[in-house]
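Undergrad: Next comes structure06.json, JSON, C-alpha atoms and all ligand atoms:
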[["chain", "number", "residue", "atom", "x", "y", "z"],
["A", 25, "MET", "CA", 82.12, -111.43, -17.00],
["A", 26, "ASP", "CA", 83.63, -113.78, -14.42],
["A", 27, "LEU", "CA", 84.47, -111.60, -11.46],
["A", 28, "GLY", "CA", 86.80, -114.22, -10.02],
["A", 29, "LEU", "CA", 85.03, -114.15, -6.67],
["A", 30, "THR", "CA", 84.04, -117.81, -6.55],
["A", 31, "ASP", "CA", 85.15, -119.22, -3.18],
["A", 32, "ARG", "CA", 87.10, -116.08, -2.33],
["A", 33, "VAL", "CA", 86.85, -115.39, 1.41],
["A", 34, "VAL", "CA", 85.49, -111.96, 2.26],
["A", 35, "LEU", "CA", 85.58, -110.37, 5.70],
["A", 36, "LEU", "CA", 82.75, -107.86, 5.57],
["A", 37, "THR", "CA", 82.59, -105.69, 8.68],
["A", 38, "GLY", "CA", 79.23, -104.29, 9.72],
["A", 39, "GLY", "CA", 77.12, -106.64, 7.64],
["A", 40, "THR", "CA", 73.90, -106.60, 9.64],
["A", 41, "ARG", "CA", 72.13, -103.83, 7.75],
["A", 42, "GLY", "CA", 72.47, -100.98, 5.29],
["A", 43, "ILE", "CA", 75.34, -100.94, 2.82],
["A", 44, "GLY", "CA", 77.06, -103.88, 4.53],
["A", 45, "ARG", "CA", 74.06, -106.17, 4.23],
["A", 46, "ALA", "CA", 73.53, -105.24, 0.58],
["A", 47, "SER", "CA", 77.23, -105.89, -0.10],
["A", 48, "GLY", "CA", 77.03, -109.31, 1.54],
["A", 49, "LEU", "CA", 74.13, -110.30, -0.69],
["A", 50, "GLU", "CA", 75.92, -109.14, -3.86],
["A", 51, "LEU", "CA", 79.28, -110.70, -2.96],
["A", 52, "ALA", "CA", 77.62, -114.04, -2.19],
["A", 53, "ALA", "CA", 75.64, -113.84, -5.44],
["A", 54, "HIS", "CA", 79.03, -113.80, -7.20],
["A", 55, "GLY", "CA", 80.20, -116.92, -5.38],
["A", 56, "ALA", "CA", 82.21, -115.45, -2.52],
["A", 57, "ARG", "CA", 82.22, -116.94, 0.97],
["A", 58, "VAL", "CA", 81.24, -114.09, 3.24],
["A", 59, "ALA", "CA", 82.07, -113.60, 6.92],
["A", 60, "VAL", "CA", 79.51, -111.08, 8.11],
["A", 61, "THR", "CA", 80.36, -109.17, 11.25],
["A", 62, "TYR", "CA", 78.01, -107.84, 13.90],
["A", 63, "ARG", "CA", 78.52, -105.78, 17.04],
["A", 64, "HIS", "CA", 75.08, -105.56, 18.66],
["A", 65, "ASP", "CA", 72.74, -107.47, 16.35],
["A", 66, "LYS", "CA", 73.85, -111.10, 16.19],
["A", 67, "ASP", "CA", 70.36, -112.17, 15.07],
["A", 68, "ALA", "CA", 70.55, -109.95, 11.98],
["A", 69, "ALA", "CA", 73.96, -111.40, 11.08],
["A", 70, "GLU", "CA", 72.68, -114.95, 11.53],
["A", 71, "ASP", "CA", 69.57, -114.18, 9.44],
["A", 72, "LEU", "CA", 71.85, -112.99, 6.64],
["A", 73, "VAL", "CA", 73.96, -116.14, 6.92],
["A", 74, "THR", "CA", 70.78, -118.18, 6.49],
["A", 75, "GLU", "CA", 69.71, -116.04, 3.53],
["A", 76, "LEU", "CA", 73.14, -116.62, 1.97],
["A", 77, "GLY", "CA", 72.56, -120.37, 2.08],
["A", 78, "GLY", "CA", 73.81, -121.31, 5.56],
["A", 79, "GLN", "CA", 77.15, -122.30, 7.00],
["A", 80, "GLU", "CA", 78.85, -123.50, 3.79],
["A", 81, "GLY", "CA", 79.23, -120.07, 2.23],
["A", 82, "ALA", "CA", 78.68, -117.64, 5.08],
["A", 83, "MET", "CA", 79.46, -117.15, 8.73],
["A", 84, "ALA", "CA", 78.59, -114.59, 11.42],
["A", 85, "VAL", "CA", 81.53, -113.18, 13.36],
["A", 86, "ARG", "CA", 81.59, -110.76, 16.28],
["A", 87, "TYR", "CA", 83.65, -107.62, 15.62],
["A", 88, "ALA", "CA", 83.80, -104.44, 17.69],
["A", 89, "LEU", "CA", 85.42, -101.22, 16.51],
["A", 90, "ASP", "CA", 85.58, -100.07, 20.11],
["A", 91, "GLU", "CA", 87.30, -103.14, 21.58],
["A", 92, "PRO", "CA", 91.08, -103.57, 21.25],
["A", 93, "GLY", "CA", 91.87, -107.10, 20.10],
["A", 94, "SER", "CA", 88.58, -107.55, 18.27],
["A", 95, "PRO", "CA", 90.07, -107.26, 14.74],
["A", 96, "GLU", "CA", 92.65, -109.92, 15.63],
["A", 97, "ASP", "CA", 89.94, -112.22, 17.01],
["A", 98, "ALA", "CA", 87.70, -111.79, 13.95],
["A", 99, "VAL", "CA", 90.49, -112.47, 11.44],
["A", 100, "ARG", "CA", 91.66, -115.48, 13.49],
["A", 101, "GLU", "CA", 88.13, -116.93, 13.53],
["A", 102, "VAL", "CA", 87.66, -116.59, 9.78],
["A", 103, "THR", "CA", 91.14, -117.95, 9.06],
["A", 104, "ALA", "CA", 90.54, -120.97, 11.32],
["A", 105, "ARG", "CA", 87.35, -121.79, 9.39],
["A", 106, "TRP", "CA", 88.27, -120.92, 5.81],
["A", 107, "GLY", "CA", 92.07, -120.67, 5.75],
["A", 108, "GLY", "CA", 92.48, -116.91, 5.32],
["A", 109, "VAL", "CA", 90.91, -113.66, 4.19],
["A", 110, "ASP", "CA", 91.17, -112.72, 0.49],
["A", 111, "VAL", "CA", 89.05, -109.59, 0.62],
["A", 112, "LEU", "CA", 88.44, -107.08, 3.38],
["A", 113, "VAL", "CA", 85.46, -104.78, 3.08],
["A", 114, "ALA", "CA", 85.89, -102.33, 5.98],
["A", 115, "ASN", "CA", 82.38, -101.01, 6.27],
["A", 116, "ALA", "CA", 81.43, -101.08, 9.98],
["A", 117, "HIS", "CA", 80.36, -97.76, 11.39],
["A", 118, "ARG", "CA", 79.32, -96.75, 14.89],
["A", 119, "ARG", "CA", 76.65, -94.06, 14.84],
["A", 120, "ARG", "CA", 77.11, -91.21, 17.28],
["A", 121, "PRO", "CA", 74.57, -88.63, 18.43],
["A", 122, "ARG", "CA", 74.52, -85.45, 16.35],
["A", 123, "ARG", "CA", 76.07, -82.36, 17.89],
["A", 124, "PRO", "CA", 73.42, -79.81, 18.93],
["A", 125, "PRO", "CA", 73.13, -77.03, 16.30],
["A", 126, "THR", "CA", 74.19, -74.41, 18.87],
["A", 127, "ALA", "CA", 77.49, -76.19, 19.66],
["A", 128, "HIS", "CA", 80.77, -75.71, 17.79],
["A", 129, "PHE", "CA", 83.68, -78.02, 17.04],
["A", 130, "GLU", "CA", 85.63, -76.68, 20.03],
["A", 131, "ASP", "CA", 82.81, -77.86, 22.30],
["A", 132, "VAL", "CA", 83.45, -81.53, 21.45],
["A", 133, "PRO", "CA", 85.21, -83.11, 24.48],
["A", 134, "HIS", "CA", 88.62, -84.47, 23.57],
["A", 135, "GLU", "CA", 87.73, -87.98, 24.77],
["A", 136, "GLU", "CA", 84.66, -88.02, 22.54],
["A", 137, "GLY", "CA", 86.71, -86.95, 19.52],
["A", 138, "ALA", "CA", 89.38, -89.55, 20.26],
["A", 139, "ALA", "CA", 86.73, -92.29, 20.52],
["A", 140, "ALA", "CA", 85.20, -91.24, 17.19],
["A", 141, "LEU", "CA", 88.66, -91.40, 15.59],
["A", 142, "THR", "CA", 89.17, -94.89, 17.00],
["A", 143, "ASP", "CA", 85.83, -96.06, 15.60],
["A", 144, "ASN", "CA", 86.20, -94.53, 12.17],
["A", 145, "LEU", "CA", 89.93, -94.88, 11.60],
["A", 146, "LEU", "CA", 92.15, -96.69, 14.10],
["A", 147, "ALA", "CA", 90.08, -99.88, 14.28],
["A", 148, "THR", "CA", 90.09, -100.06, 10.49],
["A", 149, "LEU", "CA", 93.86, -99.54, 10.33],
["A", 150, "ARG", "CA", 94.31, -102.44, 12.74],
["A", 151, "THR", "CA", 91.93, -104.67, 10.79],
["A", 152, "VAL", "CA", 93.81, -103.98, 7.58],
["A", 153, "GLN", "CA", 97.08, -104.87, 9.32],
["A", 154, "CYS", "CA", 95.57, -108.17, 10.46],
["A", 155, "VAL", "CA", 94.50, -109.31, 6.98],
["A", 156, "LEU", "CA", 97.61, -108.26, 5.05],
["A", 157, "PRO", "CA", 100.06, -111.04, 6.03],
["A", 158, "GLY", "CA", 97.73, -113.76, 4.70],
["A", 159, "MET", "CA", 97.04, -111.83, 1.50],
["A", 160, "ARG", "CA", 100.78, -111.35, 0.95],
["A", 161, "ALA", "CA", 101.39, -115.05, 1.52],
["A", 162, "ARG", "CA", 98.78, -115.92, -1.14],
["A", 163, "GLY", "CA", 99.91, -113.13, -3.51],
["A", 164, "TRP", "CA", 96.38, -111.80, -3.93],
["A", 165, "GLY", "CA", 94.14, -109.48, -1.98],
["A", 166, "ARG", "CA", 91.59, -106.69, -2.20],
["A", 167, "VAL", "CA", 90.93, -104.08, 0.46],
["A", 168, "VAL", "CA", 87.87, -101.85, 0.16],
["A", 169, "LEU", "CA", 87.62, -99.03, 2.69],
["A", 170, "LEU", "CA", 84.18, -97.45, 3.09],
["A", 171, "SER", "CA", 84.65, -93.69, 3.19],
["A", 172, "SER", "CA", 82.03, -90.98, 2.73],
["A", 173, "HIS", "CA", 80.95, -88.00, 0.65],
["A", 174, "VAL", "CA", 81.65, -86.02, 3.84],
["A", 175, "ALA", "CA", 85.40, -86.50, 3.26],
["A", 176, "ALA", "CA", 85.09, -84.82, -0.15],
["A", 177, "HIS", "CA", 82.50, -82.13, 0.48],
["A", 178, "GLY", "CA", 82.48, -81.55, 4.24],
["A", 179, "GLN", "CA", 79.49, -81.23, 6.52],
["A", 180, "ARG", "CA", 78.92, -79.10, 9.59],
["A", 181, "GLY", "CA", 79.14, -81.20, 12.74],
["A", 182, "GLN", "CA", 81.04, -84.01, 11.02],
["A", 183, "GLU", "CA", 84.61, -82.72, 11.46],
["A", 184, "ILE", "CA", 86.04, -85.82, 13.14],
["A", 185, "TYR", "CA", 84.10, -88.28, 10.98],
["A", 186, "GLY", "CA", 85.30, -86.31, 7.92],
["A", 187, "ALA", "CA", 88.89, -86.28, 9.17],
["A", 188, "ALA", "CA", 88.80, -90.04, 9.77],
["A", 189, "LYS", "CA", 87.27, -90.84, 6.39],
["A", 190, "SER", "CA", 89.75, -88.51, 4.62],
["A", 191, "ALA", "CA", 92.53, -90.40, 6.37],
["A", 192, "LEU", "CA", 91.27, -93.59, 4.73],
["A", 193, "HIS", "CA", 91.93, -91.94, 1.36],
["A", 194, "GLY", "CA", 95.53, -91.31, 2.47],
["A", 195, "LEU", "CA", 95.77, -94.89, 3.69],
["A", 196, "ALA", "CA", 94.64, -96.27, 0.33],
["A", 197, "ARG", "CA", 97.01, -93.98, -1.55],
["A", 198, "SER", "CA", 100.10, -95.00, 0.43],
["A", 199, "LEU", "CA", 99.26, -98.63, 1.21],
["A", 200, "ALA", "CA", 98.82, -99.20, -2.52],
["A", 201, "TRP", "CA", 102.64, -98.86, -2.72],
["A", 202, "ASP", "CA", 103.41, -101.25, 0.13],
["A", 203, "ALA", "CA", 100.82, -103.86, -0.87],
["A", 204, "GLY", "CA", 100.89, -103.61, -4.69],
["A", 205, "PRO", "CA", 103.99, -105.77, -5.27],
["A", 206, "ASP", "CA", 102.20, -108.61, -3.46],
["A", 207, "GLY", "CA", 99.12, -108.50, -5.66],
["A", 208, "ILE", "CA", 97.00, -106.56, -3.18],
["A", 209, "LEU", "CA", 94.88, -103.64, -4.40],
["A", 210, "VAL", "CA", 93.63, -101.08, -1.89],
["A", 211, "ASN", "CA", 90.90, -98.56, -2.59],
["A", 212, "ALA", "CA", 88.45, -96.31, -0.80],
["A", 213, "LEU", "CA", 84.82, -96.10, -1.82],
["A", 214, "ALA", "CA", 82.96, -92.91, -0.94],
["A", 215, "PRO", "CA", 79.17, -93.26, -1.03],
["A", 216, "GLY", "CA", 76.97, -90.23, -1.36],
["A", 217, "LEU", "CA", 73.99, -89.99, 0.95],
["A", 218, "THR", "CA", 72.56, -93.51, 0.71],
["A", 219, "LEU", "CA", 69.01, -94.62, 1.39],
["A", 220, "THR", "CA", 69.60, -97.18, 4.10],
["A", 221, "ARG", "CA", 66.66, -97.79, 6.42],
["A", 222, "ASP", "CA", 68.27, -95.59, 9.11],
["A", 223, "VAL", "CA", 68.78, -92.73, 6.66],
["A", 224, "CYS", "CA", 65.24, -93.07, 5.31],
["A", 225, "ASP", "CA", 63.79, -93.02, 8.83],
["A", 226, "ASN", "CA", 65.63, -89.82, 9.75],
["A", 227, "LEU", "CA", 65.71, -87.80, 6.52],
["A", 228, "PRO", "CA", 63.10, -85.03, 6.34],
["A", 229, "GLU", "CA", 61.24, -85.07, 3.01],
["A", 230, "ALA", "CA", 62.34, -81.50, 2.19],
["A", 231, "VAL", "CA", 66.01, -82.40, 2.68],
["A", 232, "ARG", "CA", 65.61, -85.52, 0.56],
["A", 233, "GLU", "CA", 64.10, -83.49, -2.27],
["A", 234, "ALA", "CA", 66.83, -80.85, -2.07],
["A", 235, "GLU", "CA", 69.54, -83.55, -2.09],
["A", 236, "GLN", "CA", 67.95, -85.23, -5.12],
["A", 237, "GLN", "CA", 67.85, -81.94, -7.01],
["A", 238, "ARG", "CA", 71.56, -81.47, -6.34],
["A", 239, "THR", "CA", 72.33, -84.90, -7.83],
["A", 240, "PRO", "CA", 72.83, -85.25, -11.60],
["A", 241, "THR", "CA", 70.87, -88.51, -11.74],
["A", 242, "GLY", "CA", 67.97, -86.94, -9.82],
["A", 243, "ARG", "CA", 67.98, -89.62, -7.14],
["A", 244, "LEU", "CA", 69.98, -90.69, -4.10],
["A", 245, "SER", "CA", 72.08, -93.85, -3.95],
["A", 246, "THR", "CA", 70.59, -97.11, -2.77],
["A", 247, "PRO", "CA", 72.59, -99.64, -0.72],
["A", 248, "ARG", "CA", 72.65, -101.84, -3.85],
["A", 249, "ASP", "CA", 74.28, -99.07, -5.88],
["A", 250, "ILE", "CA", 77.11, -99.02, -3.36],
["A", 251, "ALA", "CA", 77.24, -102.82, -3.15],
["A", 252, "HIS", "CA", 77.77, -103.08, -6.93],
["A", 253, "ALA", "CA", 80.88, -100.89, -6.61],
["A", 254, "VAL", "CA", 82.07, -102.89, -3.60],
["A", 255, "VAL", "CA", 81.82, -106.08, -5.66],
["A", 256, "PHE", "CA", 83.81, -104.56, -8.51],
["A", 257, "LEU", "CA", 86.63, -103.23, -6.31],
["A", 258, "ALA", "CA", 86.73, -106.53, -4.39],
["A", 259, "SER", "CA", 86.91, -108.70, -7.50],
["A", 260, "ALA", "CA", 89.43, -109.84, -10.06],
["A", 261, "ALA", "CA", 87.60, -107.62, -12.58],
["A", 262, "ASN", "CA", 89.44, -104.87, -10.77],
["A", 263, "SER", "CA", 92.80, -105.98, -12.06],
["A", 264, "HIS", "CA", 94.82, -102.77, -11.79],
["A", 265, "ILE", "CA", 93.02, -100.05, -9.83],
["A", 266, "SER", "CA", 94.68, -99.21, -6.52],
["A", 267, "GLY", "CA", 95.14, -96.20, -4.25],
["A", 268, "GLN", "CA", 91.97, -94.56, -5.58],
["A", 269, "VAL", "CA", 88.81, -93.09, -4.13],
["A", 270, "LEU", "CA", 85.70, -94.16, -6.04],
["A", 271, "HIS", "CA", 82.77, -91.80, -5.51],
["A", 272, "VAL", "CA", 79.41, -93.53, -5.87],
["A", 273, "ASP", "CA", 76.97, -90.66, -5.67],
["A", 274, "GLY", "CA", 75.22, -90.20, -9.01],
["A", 275, "GLY", "CA", 77.77, -87.65, -10.19],
["A", 276, "ARG", "CA", 77.83, -85.10, -7.38],
["B", 301, "LIG", "N1", 74.37, -94.49, 4.69],
["B", 301, "LIG", "C1", 74.97, -93.43, 4.16],
["B", 301, "LIG", "O1", 74.32, -92.46, 3.71],
["B", 301, "LIG", "C2", 76.47, -93.38, 4.07],
["B", 301, "LIG", "C3", 77.04, -92.32, 3.35],
["B", 301, "LIG", "C4", 78.42, -92.26, 3.24],
["B", 301, "LIG", "C5", 79.21, -93.22, 3.83],
["B", 301, "LIG", "N2", 78.65, -94.23, 4.53],
["B", 301, "LIG", "C6", 79.56, -95.23, 5.11],
["B", 301, "LIG", "O2", 79.17, -96.52, 4.66],
["B", 301, "LIG", "C7", 79.38, -97.49, 5.70],
["B", 301, "LIG", "C8", 78.08, -98.21, 6.00],
["B", 301, "LIG", "O3", 77.11, -97.24, 6.38],
["B", 301, "LIG", "P1", 75.59, -97.64, 6.72],
["B", 301, "LIG", "O4", 74.82, -96.37, 6.73],
["B", 301, "LIG", "O5", 75.18, -98.79, 5.87],
["B", 301, "LIG", "O6", 75.79, -98.13, 8.26],
["B", 301, "LIG", "P2", 74.69, -98.62, 9.28],
["B", 301, "LIG", "O7", 73.38, -98.91, 8.60],
["B", 301, "LIG", "O8", 74.69, -97.65, 10.43],
["B", 301, "LIG", "O9", 75.28, -100.04, 9.78],
["B", 301, "LIG", "C9", 76.42, -100.03, 10.57],
["B", 301, "LIG", "C10", 77.00, -101.42, 10.69],
["B", 301, "LIG", "O10", 78.15, -101.32, 11.55],
["B", 301, "LIG", "C11", 77.99, -102.18, 12.68],
["B", 301, "LIG", "N3", 78.45, -101.50, 13.91],
["B", 301, "LIG", "C12", 77.85, -100.53, 14.62],
["B", 301, "LIG", "N4", 78.58, -100.19, 15.69],
["B", 301, "LIG", "C13", 79.69, -100.98, 15.65],
["B", 301, "LIG", "C14", 80.83, -101.12, 16.49],
["B", 301, "LIG", "N5", 81.01, -100.37, 17.57],
["B", 301, "LIG", "N6", 81.75, -102.05, 16.13],
["B", 301, "LIG", "C15", 81.62, -102.81, 15.02],
["B", 301, "LIG", "N7", 80.55, -102.73, 14.20],
["B", 301, "LIG", "C16", 79.60, -101.82, 14.51],
["B", 301, "LIG", "C17", 76.52, -102.48, 12.79],
["B", 301, "LIG", "O11", 76.38, -103.77, 13.39],
["B", 301, "LIG", "P3", 75.29, -104.04, 14.55],
["B", 301, "LIG", "O12", 73.95, -103.89, 13.86],
["B", 301, "LIG", "O13", 75.56, -105.43, 15.00],
["B", 301, "LIG", "O14", 75.52, -103.02, 15.61],
["B", 301, "LIG", "C18", 76.06, -102.43, 11.33],
["B", 301, "LIG", "O15", 76.24, -103.68, 10.73],
["B", 301, "LIG", "C19", 79.96, -96.72, 6.89],
["B", 301, "LIG", "O16", 81.35, -96.84, 6.90],
["B", 301, "LIG", "C20", 79.53, -95.29, 6.63],
["B", 301, "LIG", "O17", 80.41, -94.35, 7.22],
["B", 301, "LIG", "C21", 77.29, -94.35, 4.66]]
Rewrite the structure from the file as structure tokens, please.
TA:
Amino acid sequence: MDLGLTDRVVLLTGGTRGIGRASGLELAAHGARVAVTYRHDKDAAEDLVTELGGQEGAMAVRYALDEPGSPEDAVREVTARWGGVDVLVANAHRRRPRRPPTAHFEDVPHEEGAAALTDNLLATLRTVQCVLPGMRARGWGRVVLLSSHVAAHGQRGQEIYGAAKSALHGLARSLAWDAGPDGILVNALAPGLTLTRDVCDNLPEAVREAEQQRTPTGRLSTPRDIAHAVVFLASAANSHISGQVLHVDGGR
């Protein structure tokens, strides 16, 4: 099946590792030009650009969830080089230290909570706003918002992350109405626990086994599993799905 991604311009935030990196590889394999963003690890982004065949079909762009003006700068840079953004994959994620097990939600300082909301929600809202005018002008666009199983099932200590990811579901649901008439489809994708290198390094074996047993397929998702769903939602093969949350978690 032709996924209609040939020469489409993708802005993929947080492409240096994990789900983002896997998505970049899959999108490029289907012919897309991929702008890979980094925040701290420029070398990793440039390595991926090289792996994707160099400057013709890929570029590394700085993008910071925690810096006002960064979404505008990133979209401007990609537009200057390739004429616009056809697909936004909003994947970037700033890891925060886990709350100590003895602390409760009310112990989280307000400033810390507000910063986590900015990282996981407000920066994404702004990035979506930046790409929409060009998509409307071209009459075609795909927005894929990386959410999480935490939004659906909850997790102790992840209240603000869960609230922010749940808000992305509301964003997809409502933006589908505003963007749909202009050929733009907006969806959220909620991965289950996914075996990125960071997750593998920090997941105790007993927890991994318990999680696998609770999964119908008997295994956890890989970054490639998630990337396959990103490619579908980002492509022309997704011709009429909008405002949805796609759970990619082996059936949990
Ligand atoms: N892995 C899972 O189990 C899982 C489960 C459910 C949902 N998710 C969601 O899936 C997405 C990808 O997760 P992941 O585990 O693959 O992430 P990850 O391995 O932690 O990678 C995070 C990416 O975001 C970038 N980043 C970090 N801080 C940033 C900042 N302040 N501003 C802009 N970019 C920043 C990183 O770039 P640098 O390397 O340059 O810093 C990196 O490319 C996230 O939205 C996450 O919430 C993941």
Undergrad: Which residues of chain A have any atom within 7 Å of an atom in ligand LIG 301 (chain B) when counting only C-alpha atoms and all ligand atoms, and what is the closest pair of atoms for each, with the distance in Å to one decimal? Order the rows by chain and rising number and write it as a Markdown table.
TA:
| residue | atom | partner | partner_atom | distance |
| --- | --- | --- | --- | --- |
| A:Thr37 | CA | B:LIG301 | N7 | 6.6 |
| A:Gly38 | CA | B:LIG301 | O15 | 3.2 |
| A:Gly39 | CA | B:LIG301 | O15 | 4.4 |
| A:Thr40 | CA | B:LIG301 | O15 | 3.9 |
| A:Arg41 | CA | B:LIG301 | O15 | 5.1 |
| A:Gly42 | CA | B:LIG301 | O5 | 3.5 |
| A:Ile43 | CA | B:LIG301 | O5 | 3.7 |
| A:Gly44 | CA | B:LIG301 | O5 | 5.6 |
| A:Thr61 | CA | B:LIG301 | O15 | 6.9 |
| A:Tyr62 | CA | B:LIG301 | O13 | 3.6 |
| A:Arg63 | CA | B:LIG301 | O13 | 3.6 |
| A:His64 | CA | B:LIG301 | O13 | 3.7 |
| A:Asp65 | CA | B:LIG301 | O13 | 3.7 |
| A:Lys66 | CA | B:LIG301 | O13 | 6.0 |
| A:Tyr87 | CA | B:LIG301 | C15 | 5.3 |
| A:Ala88 | CA | B:LIG301 | N6 | 3.5 |
| A:Leu89 | CA | B:LIG301 | N6 | 3.8 |
| A:Asp90 | CA | B:LIG301 | N5 | 5.2 |
| A:Asn115 | CA | B:LIG301 | O16 | 4.3 |
| A:Ala116 | CA | B:LIG301 | O10 | 3.6 |
| A:His117 | CA | B:LIG301 | O10 | 4.2 |
| A:Arg118 | CA | B:LIG301 | N4 | 3.6 |
| A:Arg119 | CA | B:LIG301 | O8 | 6.0 |
| A:Asp143 | CA | B:LIG301 | N5 | 6.8 |
| A:Leu170 | CA | B:LIG301 | O16 | 4.8 |
| A:Ser171 | CA | B:LIG301 | C5 | 5.5 |
| A:Ser172 | CA | B:LIG301 | C5 | 3.8 |
| A:His173 | CA | B:LIG301 | C4 | 5.6 |
| A:Ala214 | CA | B:LIG301 | C5 | 6.1 |
| A:Pro215 | CA | B:LIG301 | C4 | 4.4 |
| A:Gly216 | CA | B:LIG301 | C3 | 5.2 |
| A:Leu217 | CA | B:LIG301 | O1 | 3.7 |
| A:Thr218 | CA | B:LIG301 | O1 | 3.6 |
| A:Leu219 | CA | B:LIG301 | O1 | 6.2 |
| A:Thr220 | CA | B:LIG301 | N1 | 5.5 |
| A:Asp222 | CA | B:LIG301 | O7 | 6.1 |
| A:Val223 | CA | B:LIG301 | N1 | 6.2 |
Undergrad: Residues as selected, C-alpha atoms, written as a JSON list (two decimals), in the coordinates of the input, can you do that?
TA:
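result33.json, written as the output of this step:
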[["chain", "number", "residue", "atom", "x", "y", "z"],
["A", 37, "THR", "CA", 82.59, -105.69, 8.68],
["A", 38, "GLY", "CA", 79.23, -104.29, 9.72],
["A", 39, "GLY", "CA", 77.12, -106.64, 7.64],
["A", 40, "THR", "CA", 73.90, -106.60, 9.64],
["A", 41, "ARG", "CA", 72.13, -103.83, 7.75],
["A", 42, "GLY", "CA", 72.47, -100.98, 5.29],
["A", 43, "ILE", "CA", 75.34, -100.94, 2.82],
["A", 44, "GLY", "CA", 77.06, -103.88, 4.53],
["A", 61, "THR", "CA", 80.36, -109.17, 11.25],
["A", 62, "TYR", "CA", 78.01, -107.84, 13.90],
["A", 63, "ARG", "CA", 78.52, -105.78, 17.04],
["A", 64, "HIS", "CA", 75.08, -105.56, 18.66],
["A", 65, "ASP", "CA", 72.74, -107.47, 16.35],
["A", 66, "LYS", "CA", 73.85, -111.10, 16.19],
["A", 87, "TYR", "CA", 83.65, -107.62, 15.62],
["A", 88, "ALA", "CA", 83.80, -104.44, 17.69],
["A", 89, "LEU", "CA", 85.42, -101.22, 16.51],
["A", 90, "ASP", "CA", 85.58, -100.07, 20.11],
["A", 115, "ASN", "CA", 82.38, -101.01, 6.27],
["A", 116, "ALA", "CA", 81.43, -101.08, 9.98],
["A", 117, "HIS", "CA", 80.36, -97.76, 11.39],
["A", 118, "ARG", "CA", 79.32, -96.75, 14.89],
["A", 119, "ARG", "CA", 76.65, -94.06, 14.84],
["A", 143, "ASP", "CA", 85.83, -96.06, 15.60],
["A", 170, "LEU", "CA", 84.18, -97.45, 3.09],
["A", 171, "SER", "CA", 84.65, -93.69, 3.19],
["A", 172, "SER", "CA", 82.03, -90.98, 2.73],
["A", 173, "HIS", "CA", 80.95, -88.00, 0.65],
["A", 214, "ALA", "CA", 82.96, -92.91, -0.94],
["A", 215, "PRO", "CA", 79.17, -93.26, -1.03],
["A", 216, "GLY", "CA", 76.97, -90.23, -1.36],
["A", 217, "LEU", "CA", 73.99, -89.99, 0.95],
["A", 218, "THR", "CA", 72.56, -93.51, 0.71],
["A", 219, "LEU", "CA", 69.01, -94.62, 1.39],
["A", 220, "THR", "CA", 69.60, -97.18, 4.10],
["A", 222, "ASP", "CA", 68.27, -95.59, 9.11],
["A", 223, "VAL", "CA", 68.78, -92.73, 6.66]]
Undergrad: Hey, can you check how far CA of Gln179 in chain A sits from CA of Ala46 in chain A?
TA: 25.4 Å
Undergrad: Just to confirm, what's the straight-line distance from CA of Gln268 in chain A to CA of Gln236 in chain A in Å (one decimal)?
TA: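 Separation of CA of Gln268 in chain A and CA of Gln236 in chain A: 25.8 Å.
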Undergrad: Could you tell me which of A:Arg100, A:Arg221, A:Ala191, A:His54 comes closest to Met25 in chain A if we count only C-alpha atoms?
TA: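 Among A:Arg100, A:Arg221, A:Ala191, A:His54, it is A:His54 that comes nearest to Met25 in chain A.
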Undergrad: Neighbours of Ala196 in chain A within 7 Å (only C-alpha atoms; same-chain residues fewer than 3 positions away dropped), as a tab-separated table (two decimals) with C-alpha atoms, in the frame of the given file?
TA:
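Once everything was written out, this is part_5.tsv:
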chain	number	residue	atom	x	y	z
A	192	LEU	CA	91.27	-93.59	4.73
A	193	HIS	CA	91.93	-91.94	1.36
A	199	LEU	CA	99.26	-98.63	1.21
A	200	ALA	CA	98.82	-99.20	-2.52
A	210	VAL	CA	93.63	-101.08	-1.89
A	211	ASN	CA	90.90	-98.56	-2.59
A	212	ALA	CA	88.45	-96.31	-0.80
A	267	GLY	CA	95.14	-96.20	-4.25
A	268	GLN	CA	91.97	-94.56	-5.58
Undergrad: What's around Asp97 in chain A at 12 Å? Count all atoms listed in the file, leave out sequence neighbours fewer than 2 positions away in its own chain, and write the answer as an NGL selection string.
TA: :A and (61 or 85-89 or 91-95 or 99-104 or 150-151 or 154-155)
Undergrad: Of the residues A:Tyr185, A:Gly48, A:Gly158, A:Arg123, which is the one nearest to Ala138 in chain A, using all atoms listed in the file?
TA: A:Tyr185
Undergrad: Given only C-alpha atoms as the basis, pick out the residue of A:Asp131, A:Glu136, A:Glu96, A:Asp206 nearest to Gln153 in chain A.
TA: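 Smallest distance to Gln153 in chain A is found for A:Glu96.
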